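Okay, structure first, notes after.
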Amino acid sequence: MQLLYVSRPAEQLTHAEVQQIVSASRRQNWHSGLTGCLLFTGSAFAQVLEGPVATVQTLFERLRGDARHTDVRILWSEAAGARRFANWTMGYVVDVDLDSEVVSLLHASTGSDDAVRRLIRRMADDVFLGTS
Ligand SMILES: Cc1cc2nc3c(=O)[nH]c(=O)nc-3n(C[C@H](O)[C@H](O)[C@H](O)COP(=O)(O)O)c2cc1C
């Protein structure tokens with residue numbers, strides 16, 4: 001299963017704390033067979049989670065209650081399909097250029113498929129090129 005959600009970091013969250021989330025996530029995801037990518041734009045998160053359906057759903061339920069972010073909103077999910085981030089227990093990219101795009105997705109009443117596809121492609125480009 002693949003899932004993309006967007007959210008806003010809690011106000012007091014620092015870059016160092018985001019780094020800690022990423023390190024802990026990599027350890028846990030390695031054990032549970034999850035892969036994916038976290039994008040931090042400065043004022044928003046977007047995250048792709050990939051793995052067995054039950055594993056992704058269990059993590060997402062835990063994640064959505066995490067006080068370190070808010071306004072958690074699923075934009076896209078797909079039951080099957082190949083992993084895009086198969087080599088990343090959690091790829092991490094910081095890209096401020098994507099801020100307005102992700103913020104608009106946070107507020108849009110529905111995420112357009114085009115916008116979602118474009119965002120995932122940009123995240124993949126960033127993580128494959130190792131821009132962070
Ligand atoms: C933006 C964001 C992304 C996260 N991504 C993951 C992740 O990919 N994997 C993971 O295990 N936890 C992730 N977490 C942390 C979980 O919300 C949770 O704290 C963690 O799984 C530990 O849960 P536990 O203390 O109940 O075991 C993320 C948290 C935030 C705020």
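Going through the structure tokens in order, the chains are called A, B, and so on, while each chain numbers its residues from 1 and the ligands are numbered from 1 in the order shown.
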
Using only C-alpha atoms and all ligand atoms, tabulate the residues of chain A lying at most 10 Å from any atom of ligand 1, each with its closest atom pair and that distance in Å to one decimal, by chain and increasing residue number, as CSV.
residue,atom,partner,partner_atom_place_in_ligand_line,distance
A:Tyr5,CA,ligand 1,1 (C),9.6
A:Val6,CA,ligand 1,1 (C),8.7
A:Ser7,CA,ligand 1,1 (C),7.4
A:Arg8,CA,ligand 1,1 (C),8.3
A:Pro9,CA,ligand 1,1 (C),7.2
A:Ala10,CA,ligand 1,31 (C),8.6
A:Leu13,CA,ligand 1,31 (C),9.4
A:Glu17,CA,ligand 1,31 (C),9.4
A:Val18,CA,ligand 1,1 (C),7.5
A:Gln20,CA,ligand 1,29 (C),9.5
A:Ile21,CA,ligand 1,28 (C),5.8
A:Val22,CA,ligand 1,5 (N),6.7
A:Ser23,CA,ligand 1,7 (C),9.2
A:Ala24,CA,ligand 1,12 (N),6.8
A:Ser25,CA,ligand 1,9 (N),3.8
A:Arg26,CA,ligand 1,9 (N),6.6
A:Arg27,CA,ligand 1,11 (O),7.6
A:Gln28,CA,ligand 1,11 (O),4.8
A:Asn29,CA,ligand 1,9 (N),5.5
A:Trp30,CA,ligand 1,11 (O),9.0
A:His31,CA,ligand 1,11 (O),9.2
A:Ser32,CA,ligand 1,11 (O),8.5
A:Leu34,CA,ligand 1,8 (O),7.6
A:Thr35,CA,ligand 1,8 (O),7.6
A:Gly36,CA,ligand 1,8 (O),7.1
A:Cys37,CA,ligand 1,8 (O),7.9
A:Leu38,CA,ligand 1,3 (C),6.9
A:Leu39,CA,ligand 1,1 (C),8.6
A:Phe40,CA,ligand 1,1 (C),8.3
A:Ala44,CA,ligand 1,1 (C),9.1
A:Phe45,CA,ligand 1,1 (C),6.2
A:Ala46,CA,ligand 1,1 (C),7.7
A:Gln47,CA,ligand 1,3 (C),7.0
A:Val48,CA,ligand 1,8 (O),8.5
A:Leu49,CA,ligand 1,8 (O),6.8
A:Glu50,CA,ligand 1,8 (O),9.4
A:Val56,CA,ligand 1,8 (O),9.2
A:Thr58,CA,ligand 1,21 (O),9.4
A:Leu59,CA,ligand 1,11 (O),6.4
A:Phe60,CA,ligand 1,17 (O),7.8
A:Glu61,CA,ligand 1,17 (O),8.5
A:Arg62,CA,ligand 1,17 (O),5.4
A:Leu63,CA,ligand 1,17 (O),3.6
A:Arg64,CA,ligand 1,17 (O),6.9
A:Gly65,CA,ligand 1,17 (O),7.0
A:Asp66,CA,ligand 1,17 (O),4.8
A:Ala67,CA,ligand 1,31 (C),7.1
A:Arg68,CA,ligand 1,31 (C),4.8
A:His69,CA,ligand 1,31 (C),5.2
A:Thr70,CA,ligand 1,31 (C),8.5
A:Val72,CA,ligand 1,1 (C),9.1
A:Thr89,CA,ligand 1,8 (O),7.8
A:Met90,CA,ligand 1,8 (O),6.1
A:Gly91,CA,ligand 1,8 (O),9.3

**OP:** Report as a ChimeraX atom specification: the residues of chain A with a DSSP assignment of alpha helix (DSSP H), based on the backbone of this structure.
**Re:** /A:15-32,53-64,99-107,113-129

Original post:
Mind checking DSSP for chain A and telling me the strand (DSSP E or B) residues as a ChimeraX atom specification?
Top reply: /A:2-9,35-40,45-50,69-78,91-94

Subject >> Polymer residues at most 12 Å from segment 100-104 of chain A, only C-alpha atoms, same-chain spacing of 2 or more positions, as an NGL selection string >> reply: :A and (4-9 or 39-47 or 71 or 73 or 75 or 95-98 or 106-112 or 114-116 or 118-120 or 122-123)

Export C-alpha atoms of the chosen residues as a PDB file, in the first residue's frame?
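Output below, filename selection.pdb:
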ATOM      1  CA  LEU A   4       0.552  10.355   0.881  1.00  0.00           C
ATOM      2  CA  TYR A   5      -0.474  12.771   3.586  1.00  0.00           C
ATOM      3  CA  VAL A   6       0.314  16.393   4.333  1.00  0.00           C
ATOM      4  CA  SER A   7       0.458  18.110   7.728  1.00  0.00           C
ATOM      5  CA  ARG A   8       1.776  21.174   9.545  1.00  0.00           C
ATOM      6  CA  PRO A   9       4.559  20.935  12.111  1.00  0.00           C
ATOM      7  CA  LEU A  39       9.434  16.240   2.868  1.00  0.00           C
ATOM      8  CA  PHE A  40       9.827  19.256   5.150  1.00  0.00           C
ATOM      9  CA  THR A  41       9.230  22.602   3.465  1.00  0.00           C
ATOM     10  CA  GLY A  42       9.691  24.802   6.526  1.00  0.00           C
ATOM     11  CA  SER A  43       5.983  25.240   7.244  1.00  0.00           C
ATOM     12  CA  ALA A  44       4.577  21.895   6.105  1.00  0.00           C
ATOM     13  CA  PHE A  45       5.249  18.173   5.890  1.00  0.00           C
ATOM     14  CA  ALA A  46       4.380  15.734   3.129  1.00  0.00           C
ATOM     15  CA  GLN A  47       5.081  12.060   3.661  1.00  0.00           C
ATOM     16  CA  ASP A  71      -3.883  19.121  10.352  1.00  0.00           C
ATOM     17  CA  ARG A  73      -4.648  15.018   5.896  1.00  0.00           C
ATOM     18  CA  LEU A  75      -4.320  13.201  -0.086  1.00  0.00           C
ATOM     19  CA  ASP A  95      12.845  21.759  -0.021  1.00  0.00           C
ATOM     20  CA  VAL A  96      11.527  25.253   0.651  1.00  0.00           C
ATOM     21  CA  ASP A  97      10.704  25.658  -3.036  1.00  0.00           C
ATOM     22  CA  LEU A  98       7.840  23.213  -2.526  1.00  0.00           C
ATOM     23  CA  LEU A 106      -3.120  21.440   2.991  1.00  0.00           C
ATOM     24  CA  HIS A 107      -5.953  23.869   2.386  1.00  0.00           C
ATOM     25  CA  ALA A 108      -7.491  22.559  -0.832  1.00  0.00           C
ATOM     26  CA  SER A 109     -10.858  20.866  -0.431  1.00  0.00           C
ATOM     27  CA  THR A 110      -9.644  17.998  -2.588  1.00  0.00           C
ATOM     28  CA  GLY A 111      -6.123  17.149  -3.714  1.00  0.00           C
ATOM     29  CA  SER A 112      -6.079  17.054  -7.506  1.00  0.00           C
ATOM     30  CA  ASP A 114      -2.132  16.058 -11.005  1.00  0.00           C
ATOM     31  CA  ALA A 115      -0.912  18.041  -8.017  1.00  0.00           C
ATOM     32  CA  VAL A 116      -0.361  14.849  -6.016  1.00  0.00           C
ATOM     33  CA  ARG A 118       3.685  16.239  -9.350  1.00  0.00           C
ATOM     34  CA  LEU A 119       4.491  16.460  -5.659  1.00  0.00           C
ATOM     35  CA  ILE A 120       5.512  12.791  -5.381  1.00  0.00           C
ATOM     36  CA  ARG A 122       9.413  16.218  -6.980  1.00  0.00           C
ATOM     37  CA  MET A 123       9.999  14.353  -3.713  1.00  0.00           C
TER      38      MET A 123
END

**OP:** Give me, please, the distance in Å between atom CA of Val127 of chain A and atom CA of Ala16 of chain A, quoted to one decimal.
**Re:** 19.1 Å

**OP:** Can you work out which one of A:Glu11, A:Leu3, A:Leu129, A:Tyr92 has the shortest atom-to-atom distance to Pro52 of chain A, counting only C-alpha atoms?
**Re:** A:Leu3

Original post:
Hey, can you check how far atom CA of Ser77 of chain A sits from atom CA of Thr14 of chain A?
Top reply: 28.7 Å

**OP:** Give me, please, the distance in Å between atom CA of Met1 of chain A and atom CA of Gln57 of chain A, quoted to one decimal.
**Re:** 9.0 Å

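With only C-alpha atoms as the atoms that count, the minimum distance from Trp76 of chain A to the choices A:Gln12, A:Gly33, A:Leu105, A:Val94 is reached by A:Leu105.
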